[in-house]
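Q: Just so it is clear, I am handing over my_file-v9.cif, which has mmCIF, N, CA and C atoms.
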data_upload
#
loop_
_atom_site.label_atom_id
_atom_site.label_comp_id
_atom_site.auth_asym_id
_atom_site.auth_seq_id
_atom_site.Cartn_x
_atom_site.Cartn_y
_atom_site.Cartn_z
N MET A 1 0.82 -1.20 0.00
CA MET A 1 0.00 0.00 0.00
C MET A 1 0.86 1.26 0.00
N ALA A 2 1.99 1.22 0.72
CA ALA A 2 2.87 2.39 0.81
C ALA A 2 3.36 2.81 -0.57
N ILE A 3 3.81 1.85 -1.35
CA ILE A 3 4.35 2.17 -2.67
C ILE A 3 3.25 2.68 -3.60
N VAL A 4 2.03 2.20 -3.42
CA VAL A 4 0.90 2.67 -4.24
C VAL A 4 0.63 4.14 -3.95
N LEU A 5 0.67 4.53 -2.67
CA LEU A 5 0.46 5.94 -2.32
C LEU A 5 1.54 6.82 -2.93
N ILE A 6 2.76 6.33 -2.90
CA ILE A 6 3.86 7.10 -3.49
C ILE A 6 3.69 7.20 -5.00
N ARG A 7 3.28 6.14 -5.64
CA ARG A 7 3.04 6.19 -7.08
C ARG A 7 1.91 7.17 -7.43
N ILE A 8 0.87 7.20 -6.62
CA ILE A 8 -0.23 8.14 -6.87
C ILE A 8 0.28 9.58 -6.74
N GLY A 9 1.08 9.84 -5.70
CA GLY A 9 1.66 11.18 -5.53
C GLY A 9 2.54 11.57 -6.70
N LEU A 10 3.34 10.62 -7.18
CA LEU A 10 4.20 10.89 -8.33
C LEU A 10 3.38 11.11 -9.60
N ALA A 11 2.28 10.37 -9.73
CA ALA A 11 1.40 10.56 -10.89
C ALA A 11 0.79 11.97 -10.86
N ILE A 12 0.45 12.45 -9.68
CA ILE A 12 -0.10 13.82 -9.56
C ILE A 12 0.95 14.83 -10.01
N LEU A 13 2.18 14.69 -9.52
CA LEU A 13 3.24 15.61 -9.94
C LEU A 13 3.49 15.50 -11.45
N GLY A 14 3.48 14.27 -11.96
CA GLY A 14 3.66 14.07 -13.40
C GLY A 14 2.56 14.72 -14.21
N LEU A 15 1.33 14.60 -13.74
CA LEU A 15 0.20 15.24 -14.42
C LEU A 15 0.35 16.76 -14.41
N LEU A 16 0.72 17.32 -13.27
CA LEU A 16 0.92 18.77 -13.20
C LEU A 16 2.03 19.21 -14.16
N GLY A 17 3.13 18.47 -14.19
CA GLY A 17 4.22 18.81 -15.10
C GLY A 17 3.81 18.69 -16.56
N THR A 18 3.03 17.66 -16.87
CA THR A 18 2.55 17.47 -18.25
C THR A 18 1.62 18.61 -18.67
N LEU A 19 0.67 18.94 -17.81
CA LEU A 19 -0.25 20.04 -18.13
C LEU A 19 0.51 21.35 -18.31
N HIS A 20 1.48 21.59 -17.44
CA HIS A 20 2.29 22.80 -17.54
C HIS A 20 3.01 22.85 -18.88
N ALA A 21 3.58 21.72 -19.29
CA ALA A 21 4.29 21.67 -20.58
C ALA A 21 3.33 21.88 -21.75
N VAL A 22 2.18 21.23 -21.72
CA VAL A 22 1.19 21.38 -22.80
C VAL A 22 0.72 22.83 -22.89
N TYR A 23 0.39 23.43 -21.75
CA TYR A 23 -0.07 24.83 -21.77
C TYR A 23 1.04 25.76 -22.28
N THR A 24 2.28 25.49 -21.88
CA THR A 24 3.39 26.31 -22.35
C THR A 24 3.57 26.18 -23.86
N LEU A 25 3.53 24.95 -24.37
CA LEU A 25 3.69 24.75 -25.82
C LEU A 25 2.55 25.41 -26.59
N ARG A 26 1.35 25.39 -26.05
CA ARG A 26 0.23 26.08 -26.69
C ARG A 26 0.46 27.59 -26.72
N ASP A 27 1.07 28.10 -25.65
CA ASP A 27 1.33 29.54 -25.58
C ASP A 27 2.37 30.00 -26.60
N PHE A 28 3.22 29.10 -27.06
CA PHE A 28 4.15 29.47 -28.13
C PHE A 28 3.37 29.84 -29.39
N ARG A 29 2.29 29.11 -29.64
CA ARG A 29 1.47 29.33 -30.84
C ARG A 29 0.46 30.45 -30.64
N SER A 30 -0.22 30.42 -29.52
CA SER A 30 -1.28 31.38 -29.26
C SER A 30 -1.31 31.70 -27.77
N PRO A 31 -0.67 32.79 -27.34
CA PRO A 31 -0.56 33.10 -25.92
C PRO A 31 -1.92 33.15 -25.21
N TYR A 32 -2.03 32.36 -24.15
CA TYR A 32 -3.26 32.35 -23.38
C TYR A 32 -3.00 31.99 -21.91
N TYR A 33 -2.48 30.77 -21.67
CA TYR A 33 -2.40 30.23 -20.32
C TYR A 33 -1.45 31.01 -19.41
N PHE A 34 -0.25 31.30 -19.88
CA PHE A 34 0.72 32.01 -19.06
C PHE A 34 0.94 33.44 -19.54
N ALA A 35 0.04 33.89 -20.38
CA ALA A 35 0.11 35.26 -20.90
C ALA A 35 -0.55 36.22 -19.92
N PRO A 36 -0.11 37.46 -19.92
CA PRO A 36 -0.79 38.46 -19.09
C PRO A 36 -2.23 38.65 -19.59
N ARG A 37 -3.11 39.00 -18.68
CA ARG A 37 -4.51 39.25 -19.09
C ARG A 37 -4.60 40.40 -20.07
N ASP A 38 -3.71 41.38 -19.91
CA ASP A 38 -3.62 42.47 -20.87
C ASP A 38 -2.75 41.97 -22.03
N ARG A 39 -3.41 41.50 -23.09
CA ARG A 39 -2.69 40.87 -24.21
C ARG A 39 -1.71 41.82 -24.90
N GLY A 40 -1.90 43.10 -24.72
CA GLY A 40 -0.96 44.06 -25.29
C GLY A 40 0.43 43.92 -24.69
N LEU A 41 0.50 43.40 -23.48
CA LEU A 41 1.80 43.21 -22.84
C LEU A 41 2.62 42.12 -23.54
N VAL A 42 1.95 41.15 -24.16
CA VAL A 42 2.69 40.11 -24.88
C VAL A 42 3.50 40.75 -25.99
N LYS A 43 2.91 41.68 -26.72
CA LYS A 43 3.64 42.37 -27.80
C LYS A 43 4.85 43.10 -27.25
N ILE A 44 4.69 43.72 -26.10
CA ILE A 44 5.82 44.42 -25.48
C ILE A 44 6.90 43.42 -25.09
N LEU A 45 6.49 42.29 -24.48
CA LEU A 45 7.46 41.27 -24.07
C LEU A 45 8.17 40.65 -25.28
N GLU A 46 7.48 40.59 -26.42
CA GLU A 46 8.10 40.03 -27.63
C GLU A 46 9.17 40.95 -28.20
N THR A 47 9.15 42.20 -27.83
CA THR A 47 10.16 43.14 -28.34
C THR A 47 11.17 43.54 -27.27
N ALA A 48 10.94 43.13 -26.04
CA ALA A 48 11.82 43.51 -24.94
C ALA A 48 12.96 42.51 -24.78
N GLY A 49 14.15 43.02 -24.58
CA GLY A 49 15.30 42.17 -24.29
C GLY A 49 15.43 41.97 -22.79
N MET A 50 16.37 41.11 -22.43
CA MET A 50 16.63 40.84 -21.02
C MET A 50 17.92 41.53 -20.60
N GLY A 51 17.96 41.99 -19.36
CA GLY A 51 19.13 42.68 -18.86
C GLY A 51 20.35 41.81 -18.74
N ILE A 52 20.17 40.51 -18.56
CA ILE A 52 21.30 39.61 -18.31
C ILE A 52 22.11 39.32 -19.57
N THR A 53 21.50 39.48 -20.75
CA THR A 53 22.19 39.16 -22.00
C THR A 53 21.65 39.98 -23.16
N LYS A 54 22.47 40.15 -24.15
CA LYS A 54 22.02 40.80 -25.38
C LYS A 54 21.65 39.75 -26.43
N GLU A 55 21.96 38.49 -26.14
CA GLU A 55 21.69 37.41 -27.08
C GLU A 55 20.21 37.11 -27.23
N GLN A 56 19.48 37.10 -26.12
CA GLN A 56 18.05 36.80 -26.17
C GLN A 56 17.29 38.12 -26.24
N GLU A 57 16.81 38.45 -27.41
CA GLU A 57 16.13 39.73 -27.60
C GLU A 57 14.62 39.64 -27.44
N ASN A 58 14.13 38.49 -27.04
CA ASN A 58 12.69 38.30 -26.93
C ASN A 58 12.36 37.76 -25.54
N PHE A 59 11.93 38.64 -24.67
CA PHE A 59 11.62 38.26 -23.30
C PHE A 59 10.51 37.21 -23.25
N TRP A 60 9.54 37.32 -24.14
CA TRP A 60 8.41 36.38 -24.16
C TRP A 60 8.89 34.95 -24.41
N ARG A 61 9.78 34.77 -25.39
CA ARG A 61 10.29 33.43 -25.69
C ARG A 61 11.14 32.90 -24.52
N ALA A 62 11.92 33.76 -23.90
CA ALA A 62 12.70 33.34 -22.73
C ALA A 62 11.77 32.91 -21.60
N TYR A 63 10.72 33.68 -21.39
CA TYR A 63 9.72 33.39 -20.36
C TYR A 63 9.08 32.02 -20.62
N LEU A 64 8.70 31.76 -21.86
CA LEU A 64 8.11 30.46 -22.18
C LEU A 64 9.14 29.34 -22.03
N GLY A 65 10.38 29.63 -22.37
CA GLY A 65 11.45 28.65 -22.18
C GLY A 65 11.64 28.30 -20.71
N PHE A 66 11.53 29.30 -19.84
CA PHE A 66 11.62 29.04 -18.40
C PHE A 66 10.47 28.13 -17.96
N HIS A 67 9.27 28.41 -18.45
CA HIS A 67 8.13 27.57 -18.11
C HIS A 67 8.34 26.13 -18.60
N LEU A 68 8.84 26.00 -19.82
CA LEU A 68 9.05 24.67 -20.38
C LEU A 68 10.11 23.90 -19.60
N SER A 69 11.21 24.57 -19.23
CA SER A 69 12.25 23.88 -18.46
C SER A 69 11.74 23.51 -17.07
N HIS A 70 10.89 24.34 -16.49
CA HIS A 70 10.26 24.03 -15.20
C HIS A 70 9.41 22.76 -15.35
N SER A 71 8.64 22.68 -16.42
CA SER A 71 7.81 21.49 -16.68
C SER A 71 8.66 20.25 -16.81
N LEU A 72 9.72 20.36 -17.59
CA LEU A 72 10.59 19.20 -17.81
C LEU A 72 11.26 18.76 -16.51
N GLY A 73 11.62 19.71 -15.67
CA GLY A 73 12.25 19.37 -14.39
C GLY A 73 11.34 18.51 -13.52
N ILE A 74 10.09 18.93 -13.38
CA ILE A 74 9.17 18.16 -12.53
C ILE A 74 8.82 16.83 -13.20
N LEU A 75 8.74 16.81 -14.53
CA LEU A 75 8.47 15.54 -15.22
C LEU A 75 9.61 14.55 -15.04
N ILE A 76 10.82 15.01 -15.16
CA ILE A 76 11.98 14.13 -14.99
C ILE A 76 12.04 13.63 -13.54
N PHE A 77 11.80 14.52 -12.60
CA PHE A 77 11.78 14.13 -11.19
C PHE A 77 10.74 13.05 -10.95
N ALA A 78 9.50 13.30 -11.37
CA ALA A 78 8.40 12.35 -11.13
C ALA A 78 8.66 11.03 -11.87
N ALA A 79 9.13 11.10 -13.11
CA ALA A 79 9.37 9.88 -13.89
C ALA A 79 10.49 9.05 -13.28
N THR A 80 11.55 9.69 -12.81
CA THR A 80 12.67 8.96 -12.22
C THR A 80 12.21 8.19 -10.98
N TYR A 81 11.52 8.88 -10.09
CA TYR A 81 11.03 8.20 -8.89
C TYR A 81 9.99 7.14 -9.23
N PHE A 82 9.12 7.45 -10.18
CA PHE A 82 8.08 6.49 -10.58
C PHE A 82 8.71 5.20 -11.09
N ILE A 83 9.71 5.33 -11.95
CA ILE A 83 10.41 4.16 -12.49
C ILE A 83 11.08 3.38 -11.36
N LEU A 84 11.68 4.12 -10.42
CA LEU A 84 12.33 3.45 -9.28
C LEU A 84 11.34 2.62 -8.46
N THR A 85 10.08 3.06 -8.39
CA THR A 85 9.09 2.30 -7.61
C THR A 85 8.83 0.93 -8.22
N PHE A 86 9.19 0.76 -9.48
CA PHE A 86 9.01 -0.54 -10.13
C PHE A 86 10.29 -1.35 -10.17
N ILE A 87 11.42 -0.72 -10.47
CA ILE A 87 12.65 -1.50 -10.62
C ILE A 87 13.35 -1.79 -9.29
N ASN A 88 13.13 -0.92 -8.29
CA ASN A 88 13.73 -1.15 -6.98
C ASN A 88 12.94 -0.37 -5.93
N PRO A 89 11.75 -0.85 -5.57
CA PRO A 89 10.88 -0.11 -4.65
C PRO A 89 11.53 0.23 -3.32
N GLU A 90 12.36 -0.65 -2.81
CA GLU A 90 13.00 -0.39 -1.50
C GLU A 90 13.90 0.85 -1.54
N LEU A 91 14.44 1.13 -2.71
CA LEU A 91 15.33 2.28 -2.84
C LEU A 91 14.60 3.59 -2.54
N ILE A 92 13.32 3.65 -2.85
CA ILE A 92 12.52 4.84 -2.57
C ILE A 92 12.55 5.16 -1.07
N PHE A 93 12.64 4.13 -0.25
CA PHE A 93 12.57 4.31 1.20
C PHE A 93 13.93 4.58 1.84
N HIS A 94 14.96 4.68 1.01
CA HIS A 94 16.27 5.07 1.54
C HIS A 94 16.12 6.49 2.10
N PRO A 95 16.69 6.76 3.27
CA PRO A 95 16.50 8.08 3.90
C PRO A 95 16.82 9.28 2.98
N ALA A 96 17.92 9.20 2.26
CA ALA A 96 18.28 10.34 1.39
C ALA A 96 17.25 10.56 0.29
N LEU A 97 16.81 9.47 -0.35
CA LEU A 97 15.83 9.61 -1.43
C LEU A 97 14.46 10.00 -0.89
N SER A 98 14.13 9.54 0.31
CA SER A 98 12.87 9.92 0.94
C SER A 98 12.85 11.41 1.26
N ILE A 99 13.96 11.91 1.77
CA ILE A 99 14.06 13.34 2.10
C ILE A 99 13.91 14.18 0.83
N ILE A 100 14.57 13.76 -0.24
CA ILE A 100 14.46 14.50 -1.51
C ILE A 100 13.02 14.46 -2.02
N LEU A 101 12.39 13.30 -1.95
CA LEU A 101 11.02 13.13 -2.41
C LEU A 101 10.06 14.05 -1.65
N ILE A 102 10.10 13.97 -0.35
CA ILE A 102 9.19 14.78 0.48
C ILE A 102 9.57 16.26 0.40
N GLY A 103 10.85 16.54 0.50
CA GLY A 103 11.30 17.94 0.46
C GLY A 103 10.94 18.64 -0.82
N THR A 104 11.13 17.97 -1.95
CA THR A 104 10.81 18.57 -3.24
C THR A 104 9.32 18.84 -3.36
N SER A 105 8.50 17.90 -2.94
CA SER A 105 7.05 18.12 -3.05
C SER A 105 6.59 19.23 -2.13
N PHE A 106 7.15 19.32 -0.92
CA PHE A 106 6.78 20.41 -0.02
C PHE A 106 7.28 21.76 -0.55
N LEU A 107 8.46 21.76 -1.17
CA LEU A 107 8.96 23.01 -1.76
C LEU A 107 8.07 23.47 -2.91
N TYR A 108 7.63 22.53 -3.75
CA TYR A 108 6.69 22.90 -4.82
C TYR A 108 5.38 23.42 -4.24
N ALA A 109 4.91 22.83 -3.16
CA ALA A 109 3.68 23.32 -2.51
C ALA A 109 3.91 24.73 -1.98
N LEU A 110 5.04 24.97 -1.35
CA LEU A 110 5.35 26.30 -0.82
C LEU A 110 5.46 27.33 -1.94
N LEU A 111 6.20 26.99 -2.99
CA LEU A 111 6.32 27.91 -4.13
C LEU A 111 4.95 28.20 -4.75
N SER A 112 4.14 27.16 -4.86
CA SER A 112 2.79 27.34 -5.41
C SER A 112 1.97 28.30 -4.55
N ARG A 113 2.07 28.13 -3.27
CA ARG A 113 1.30 28.98 -2.34
C ARG A 113 1.74 30.43 -2.42
N ILE A 114 3.05 30.64 -2.50
CA ILE A 114 3.60 32.01 -2.49
C ILE A 114 3.50 32.69 -3.85
N PHE A 115 3.84 31.96 -4.94
CA PHE A 115 4.03 32.61 -6.22
C PHE A 115 2.99 32.26 -7.30
N TRP A 116 2.33 31.13 -7.20
CA TRP A 116 1.52 30.68 -8.30
C TRP A 116 0.04 30.74 -7.97
N PHE A 117 -0.65 29.62 -8.04
CA PHE A 117 -2.09 29.62 -7.82
C PHE A 117 -2.51 28.31 -7.18
N SER A 118 -3.81 28.15 -6.95
CA SER A 118 -4.30 27.08 -6.08
C SER A 118 -4.12 25.66 -6.62
N LYS A 119 -4.29 25.42 -7.91
CA LYS A 119 -4.24 24.04 -8.41
C LYS A 119 -2.88 23.39 -8.19
N PRO A 120 -1.76 24.04 -8.54
CA PRO A 120 -0.48 23.40 -8.23
C PRO A 120 -0.24 23.27 -6.72
N PHE A 121 -0.75 24.22 -5.95
CA PHE A 121 -0.61 24.12 -4.49
C PHE A 121 -1.34 22.89 -3.96
N ILE A 122 -2.56 22.69 -4.41
CA ILE A 122 -3.35 21.53 -3.98
C ILE A 122 -2.68 20.23 -4.43
N GLY A 123 -2.25 20.18 -5.69
CA GLY A 123 -1.62 18.97 -6.22
C GLY A 123 -0.32 18.64 -5.52
N ALA A 124 0.55 19.63 -5.35
CA ALA A 124 1.84 19.37 -4.69
C ALA A 124 1.64 19.02 -3.22
N SER A 125 0.68 19.67 -2.57
CA SER A 125 0.40 19.35 -1.16
C SER A 125 -0.14 17.94 -1.02
N LEU A 126 -1.05 17.56 -1.90
CA LEU A 126 -1.60 16.21 -1.87
C LEU A 126 -0.49 15.18 -2.11
N ALA A 127 0.37 15.44 -3.09
CA ALA A 127 1.49 14.53 -3.36
C ALA A 127 2.37 14.41 -2.12
N ALA A 128 2.70 15.53 -1.49
CA ALA A 128 3.55 15.51 -0.29
C ALA A 128 2.91 14.69 0.82
N ILE A 129 1.61 14.87 1.02
CA ILE A 129 0.90 14.11 2.06
C ILE A 129 0.92 12.62 1.74
N LEU A 130 0.70 12.27 0.47
CA LEU A 130 0.74 10.86 0.08
C LEU A 130 2.13 10.27 0.30
N PHE A 131 3.17 11.06 0.02
CA PHE A 131 4.53 10.57 0.23
C PHE A 131 4.79 10.33 1.72
N VAL A 132 4.38 11.27 2.55
CA VAL A 132 4.59 11.12 4.00
C VAL A 132 3.82 9.91 4.52
N VAL A 133 2.56 9.78 4.16
CA VAL A 133 1.76 8.65 4.62
C VAL A 133 2.37 7.33 4.11
N GLY A 134 2.78 7.30 2.85
CA GLY A 134 3.39 6.10 2.31
C GLY A 134 4.68 5.73 3.04
N LEU A 135 5.51 6.72 3.33
CA LEU A 135 6.76 6.45 4.05
C LEU A 135 6.50 6.02 5.48
N VAL A 136 5.53 6.63 6.15
CA VAL A 136 5.19 6.23 7.51
C VAL A 136 4.64 4.80 7.53
N LEU A 137 3.77 4.50 6.57
CA LEU A 137 3.25 3.11 6.48
C LEU A 137 4.39 2.11 6.30
N HIS A 138 5.32 2.46 5.45
CA HIS A 138 6.45 1.57 5.21
C HIS A 138 7.28 1.39 6.48
N MET A 139 7.56 2.48 7.18
CA MET A 139 8.39 2.43 8.38
C MET A 139 7.72 1.67 9.52
N THR A 140 6.40 1.72 9.57
CA THR A 140 5.68 1.04 10.66
C THR A 140 5.24 -0.37 10.28
N GLY A 141 5.64 -0.80 9.10
CA GLY A 141 5.30 -2.15 8.64
C GLY A 141 3.87 -2.28 8.16
N GLY A 142 3.24 -1.18 7.83
CA GLY A 142 1.85 -1.20 7.34
C GLY A 142 1.75 -1.47 5.86
N ALA A 143 2.71 -2.14 5.28
CA ALA A 143 2.76 -2.55 3.87
C ALA A 143 3.25 -1.47 3.04
#
Take the structure in the file and write it out as structure tokens.

A:
Amino acid sequence: MAIVLIRIGLAILGLLGTLHAVYTLRDFRSPYYFAPRDRGLVKILETAGMGITKEQENFWRAYLGFHLSHSLGILIFAATYFILTFINPELIFHPALSIILIGTSFLYALLSRIFWFSKPFIGASLAAILFVVGLVLHMTGGA
């Protein structure tokens, strides 16, 4: 049961990462999901450069690239742990990997609460709770 709870939590994170990637890719074609409500700002962002470099002259594309890399990061994280639950489930319960699993999900919940919006906060919080319950069940011999 413990590993099932962890897989469900990882599936939630994977779903959030997938949706984020899909919405970001759609915004490359037709800005909507991560675009400002004032659509005129997209035109400004498309012509604005970034202070850190002269190479990237389109702030909008850099912004979408950041969103896409964020999506890929959470997808790789979730997929790696998900695969581990099948090829070596006991490895998930190693203290170092457990800390990374729980810590990352709680950090995503915190970031969601502070900077983003409710759906990622709810999803990351639920995943974190499932991870904690799964790890506690495993430690107490509850399967």

Q: Check the smallest atom-to-atom distance from each of A:Ser98, A:Ser105, A:Ser118, A:Thr140 to Leu10 in chain A using only C-alpha atoms, then report the winner.

A: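 The shortest atom-to-atom distance to Leu10 in chain A comes from A:Ser105.
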
Q: Could you tell me which residues the PyMOL selection byres ((chain A and resi 120-123) around 7) grabs in this file, written as a ChimeraX atom specification?

A: /A:12-13,16,108-113,116-119,124-128

Q: Using all atoms listed in the file, which of A:Arg7, A:Leu19, A:Ala2, A:Met139 sits nearest Tyr81 in chain A?

A: A:Arg7

Q: Could you tell me how far CA of Phe66 in chain A sits from atom N of Arg39 in chain A, in Å to one decimal place?

A: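 About the pair atom N of Arg39 in chain A and CA of Phe66 in chain A: they are 20.1 Å apart.
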
Q: Report the distance between CA of Leu84 in chain A and atom C of Val22 in chain A in Å, rounded to one decimal place.

A: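 Pair CA of Leu84 in chain A / atom C of Val22 in chain A returns 26.4 Å.
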
Q: Mind telling me what the PyMOL selection byres (((chain A and resi 130 and name CA) around 8) and name CA) catches here, as a PyMOL selection string?

A: chain A and resi 5-6+8-9+126-129+131-134

Q: The PyMOL selection byres (((chain A and resi 45 and name CA) around 12) and name CA) on the file shown: which residues, as a PyMOL selection string?

A: chain A and resi 31+35-36+38-44+46-50+56-64

Q: So the first atom is CA of Ile92 in chain A and the second is CA of Ile114 in chain A; what is the distance between them in Å, to one decimal place?

A: 28.6 Å

Q: Residues of chain A classed as alpha helix (DSSP H) by DSSP on the backbone are to be reported as number ranges by chain.

A: A: 2-29, 40-47, 59-87, 89-92, 95-115, 118-139

Q: Pick out the residues sitting within 7 Å of His20 in chain A, and hand them over as a count of residues only; count all atoms listed in the file, and ignore anything fewer than 3 positions along from it in its own chain.

A: 9
